[in-house]
Each structure stands twice: as structure tokens, then as C-alpha cells.
Amino acid sequence: MAALISCSDDNEDVVRPARAVLVYMAANNNLGDGGYATSDLREMMEGSKTLTPENRLYVFYRHRNNACIYQVEKGDTIRRETFEDGVQSSNPNTLHRALAWMMSEVSDAEDYGLVLWGHSTGWEIKGQTASSRRRAYDQERANGSYYYMDIPDMADALSGLPRLRFIFADCCVFQCVETAYELRDVVDYIIGSPAEIPNAGAPYNTVVPALFSRSETFYQGIVDRYYAAYPDRLPLSVIKTSDLDLLAAATSMAMGSFVASGEYQQTNGLIYYFDKNMVDMNDYIRTNATDEVYRAWREQLDKVVVYNKFAPVWMTDAVGRHVNFGDFTATVEKYSGISMFVYQQPSTTFLKSLNDNISQMGWYEAARLSTFGW
């Protein structure tokens with residue numbers, strides 16, 4: 001990392017910042033060890049060369065014993081703040097502390113964007129062991145175990161801070177309705193993938209300029225530039241959080257037309273993104289509801305998923321593949337780019353934990369899933 005750090009602290013700019021983008025790089029894991037964090041930081045440096053003075057880019061970086069905040073500008077990094085040894089990026093207090101510090105540096109920004117960099121397994125929350133590699137955001141290696149940040153805890157950490165214009169989640173399977181609903185009060189738009197993504201992540205040399213677009217549809221440039229790096233291999237979408245309560249009500253009504261109380265749901269043939277419990281929302285409702293019910297529900301979905309890019313397969317470790325991909329065929333008609341949990345026969349301890357833990361998510365109450373015996 002030493003080669004990436006400038007010794008200069010002369011980085012003050014008299015121009016009022018229009019947007020500040022804050023990157024939370026949780027790299028104390030195999031992504032950091034594999035050099036992906038360093039590579040992406042270099043790409044951010046390259047992308048910063050085109051930024052104008054009113055745009056500010058900060059990076060919280062955590063890998064091994066290095067926990068600090070850089071300001072990235074003009075193709076260089078400037079170390080601005082150093083955290084004490086042992087600070088954990090998986091601790092929601094660290095997220096709050098890092099963002100609060102960065103926001104205080106640009107307190108007069110017109111708005112803020114957050115990039116979540118690292119590992120994710122969607123909404124999965126408490127009930128699994130600390131050593132399990134299957135829970136929510138981060139997968140931080142510390143003290144011989146792996147640690148995670150539950151999404152409700154992430155929402156709490158972001159509350160009390162200025163509302164975010166967007167979250168760009170550069171991590172696997174983040175784009176699920178349960179996560180989006182949990183974050184609806186702290187962010188306007190969530191940009192990400194419902195599926196697994198390559199370890200190399202976003203091409204930040206091209207994506208960084210798009211993060212600062214002032215267009216009303218700024219999110220399209222972020223998605224398009226990310227997708228261009230992995231054409232037809234990376235499903236992406238944009239969620240507008242303001243209408244999630246309406247989608248929850250519509251989903252409850254639609255499911256009421258075909259779900260019997262306590263009935264386990266069949267996912268055979270449905271698009272799934274990580275495990276078979278994470279199915280594409282559109283494919284699930286479209287397959288099970290009548291045409292009339294589906295059309296009414298789809299109107300609400302289209303207000304929430306305001307942009308997406310379809311991919312027939314997804315990439316993992318830069319190889320286009322899907323485990324048991326023959327289980328389903330992904331098509332434009334079936335795909336929406338947002339997943340949801342469905343209640344399944346608990347054939348494994350893991351599936352049982354999901355059935356048990358879904359009730360801890362806000363979406364469970366909003367979509368009235370208890371009325372279906374879930």
C-alpha cells in the first residue's frame with residue numbers, strides 16, 4: 001500500500017462539494033489477500049483523474065493491520081485518518097464512525113453516495129455461528145474467526161447520518177428485497193447485483209466518474225459501465241426505495257392468491273441467485289399468480305426496480321458459470337434483478353435457520369409473511 005499513499009496533506013479545496021462518494025472497503029479477507037482491494041484502489045485513482053474539484057472521493061480501507069481513510073484525487077491518494085489497531089470493519093460502529101468522519105470533512109456536500117466493497121451473502125442474519133461464511137456483509141477475518149455485519153445493524157449504523165443518495169453494493173447477492181426494505185429509510189437508490197459477482201468487482205477507472213453524475217438517472221451510467229466489463233455475465237439492477245412499502249403490500253396480496261398457510265414453496269425451474277431460497281421476485285410471482293394478479297403486482301415492481309441489465313449467466317471468480325445452471329433458464333421475461341426469500345422444506349440446518357430468521361427482517365412484517373405460516 002505504501003506506493004499508493006501521498007505524503008502531502010495539502011488537499012483543501014475552496015469549491016463547495018456537489019457530491020461526496022464514500023467507499024467502505026472491507027478487505028480483511030481473501031479479497032484483500034488476493035490483491036483485489038489494491039487493484040481496485042488503483043482503478044479509483046485512475047478514475048479520479050477526470051473528477052472536477054467539487055467532487056470528493058474518500059476511501060475507508062481495512063486490510064490486515066491497516067485501517068485508515070484516504071482521500072483520492074487527481075490520480076493519487078492522501079492518507080487523512082488512521083484508525084487504532086484491531087478496529088473491525090464488520091462492527092457497525094466502525095461503519096458509522098468512518099462515514100461520520102468522512103461526512104464531516106465535506107459537511108456542505110449536496111449529497112452523498114456510499115460504495116460497499118467486499119463480501120455479502122444477502123440478508124442472512126443472526127442464528128449462524130461466527131465461523132460460518134454465510135451471513136450478510138463483510139466476512140472479516142479476525143482472531144481466528146469470521147465476522148459479519150447484519151443488515152439491520154447496518155441500517156442502524158447509517159441512521160442518524162445524512163440520508164444517502166445511493167448505495168452502490170460491489171459485493172455478491174446484495175440486491176434482495178429484504179436488504180432493500182431494511183435500508184429504505186437511509187438511502188434513495190440501491191445499485192447492485194442479485195447474483196454472485198467476480199472477485200475483481202467493478203471497473204472503477206470507468207465507474208468512478210459515473211458515481212458523480214448529477215443526472216436524475218445517474219444510476220444508469222454506473223450500471224452500464226459495470227455491465228460493459230462483464231457483458232452478458234453480470235445481472236444488475238437499481239432499486240428505488242421510496243415505493244417499497246407499496247411493493248410489500250402488492251406482494252402480500254399476490255401471494256395470498258396462491259400460497260396456502262404453512263405450505264413450503266417449490267422453486268424448481270425458478271431463477272435463483274445463490275441458494276434456491278433466493279429466487280427472482282418476478283419469476284416467482286409470474287410463475288404462480290394468474291395473469292391479472294401478476295400484471296397488478298408487476299406495476300408496483302416496476303416502480304421499485306427502475307433499471308436493470310439482464311444476463312443469462314453470472315460470473316464467479318471471473319468464470320461464467322452457475323452451479324446446476326441446468327436447473328433453470330434465465331430470460332428477459334422472467335428476470336427482474338431483485339431476489340426474495342421463499343419458505344422451503346428445511347432439509348438442511350442452513351435452510352432451517354433461514355426459515356427461522358426471516359421473521360427478524362422488516363420485510364417479513366411489511367409483506368405479512370406470517371399470514372402464510374412462514
# chains A, B, ... in the order shown; residues from 1 in each chain; ligands from 1
>>> residues_around(residues="segment 231-239 of chain A", least_positions_apart="3", cutoff="8 Å", atoms="only C-alpha atoms", output="PyMOL selection string")
chain A and resi 175+180+189-195+197+219+223+227-228+304-315+320+336-338
>>> select_by_dssp(residues="segment 129-299 of chain A", states="alpha helix (DSSP H)", output="MDAnalysis selection string")
chainID A and resid 151:158 177:182 204:211 218:229 244:255 281:288 291:299
>>> residues_around(residues="Glu263 of chain A", least_positions_apart="5", cutoff="9 Å", atoms="only C-alpha atoms", output="list of chain:residue names")
A:Tyr343, A:Gln344, A:Gln345, A:Phe372, A:Gly373, A:Trp374
>>> residues_around(residues="Asn199 of chain A", least_positions_apart="2", cutoff="10 Å", atoms="only C-alpha atoms", output="list of chain:residue names")
A:Asn30, A:Leu31, A:Gly34, A:Gly35, A:Tyr36, A:Ala37, A:Gly118, A:His119, A:Asp170, A:Cys171, A:Cys172, A:Glu196, A:Ile197, A:Gly201, A:Ala202, A:Met315, A:Thr316, A:Asp317, A:Ala318
>>> closest_residue(among="A:Ser145, A:Ser347, A:Gln71, A:Thr82", to="Ser48 of chain A", atoms="only C-alpha atoms")
A:Gln71
>>> select_by_dssp(residues="segment 286-372 of chain A", states="strand (DSSP E or B)", output="list in words")
Val305, Val306, Tyr307, Asn308, Lys309, Met315, Thr316, Val319, Gly320, Ser339, Met340 and Phe341 of chain A
>>> closest_residue(among="A:Pro209, A:Gly75, A:Pro203, A:Pro162", to="Tyr226 of chain A", atoms="only C-alpha atoms")
A:Pro203
>>> residues_around(residues="segment 108-113 of chain A", least_positions_apart="2", cutoff="9 Å", atoms="only C-alpha atoms", output="list of chain:residue names")
A:Arg16, A:Pro17, A:Ala18, A:Arg19, A:Ala20, A:Val21, A:Leu22, A:Val23, A:Glu54, A:Asn55, A:Arg56, A:Met103, A:Ser104, A:Glu105, A:Val106, A:Val115, A:Pro162, A:Arg163, A:Leu164, A:Arg165, A:Phe166, A:Ile167, A:Phe168, A:Val187, A:Leu211, A:Phe212
>>> residues_around(residues="Ala249 of chain A", least_positions_apart="5", cutoff="9 Å", atoms="only C-alpha atoms", output="PyMOL selection string")
chain A and resi 244+254+366-368
>>> write_last_selection(atoms="C-alpha atoms", output="PDB file, in the first residue's frame")
ATOM      1  CA  LEU A 244     -41.004  -0.499  -1.186  1.00  0.00           C
ATOM      2  CA  ALA A 254     -50.391 -11.556  -4.874  1.00  0.00           C
ATOM      3  CA  ALA A 366     -44.380  -5.442   5.701  1.00  0.00           C
ATOM      4  CA  ALA A 367     -45.334  -8.300   3.343  1.00  0.00           C
ATOM      5  CA  ARG A 368     -47.331 -10.004   6.120  1.00  0.00           C
TER       6      ARG A 368
END
>>> closest_residue(among="A:Ile271, A:Val342, A:Val177, A:Leu114", to="Asp245 of chain A", atoms="only C-alpha atoms")
A:Val177
>>> decode(residues="segment 299-310 of chain A", atoms="C-alpha atoms", output="PDB file, in the first residue's frame")
ATOM      1  CA  GLU A 299     -46.916  -2.373 -11.866  1.00  0.00           C
ATOM      2  CA  GLN A 300     -45.575  -1.951  -8.331  1.00  0.00           C
ATOM      3  CA  LEU A 301     -42.376  -3.870  -9.062  1.00  0.00           C
ATOM      4  CA  ASP A 302     -41.618  -1.540 -11.982  1.00  0.00           C
ATOM      5  CA  LYS A 303     -41.844   1.455  -9.626  1.00  0.00           C
ATOM      6  CA  VAL A 304     -39.187  -0.126  -7.394  1.00  0.00           C
ATOM      7  CA  VAL A 305     -36.816  -1.722  -9.915  1.00  0.00           C
ATOM      8  CA  VAL A 306     -36.270   1.366 -12.053  1.00  0.00           C
ATOM      9  CA  TYR A 307     -33.417  -0.013 -14.156  1.00  0.00           C
ATOM     10  CA  ASN A 308     -31.786  -3.367 -14.800  1.00  0.00           C
ATOM     11  CA  LYS A 309     -29.447  -5.188 -17.123  1.00  0.00           C
ATOM     12  CA  PHE A 310     -30.201  -8.766 -17.967  1.00  0.00           C
TER      13      PHE A 310
END
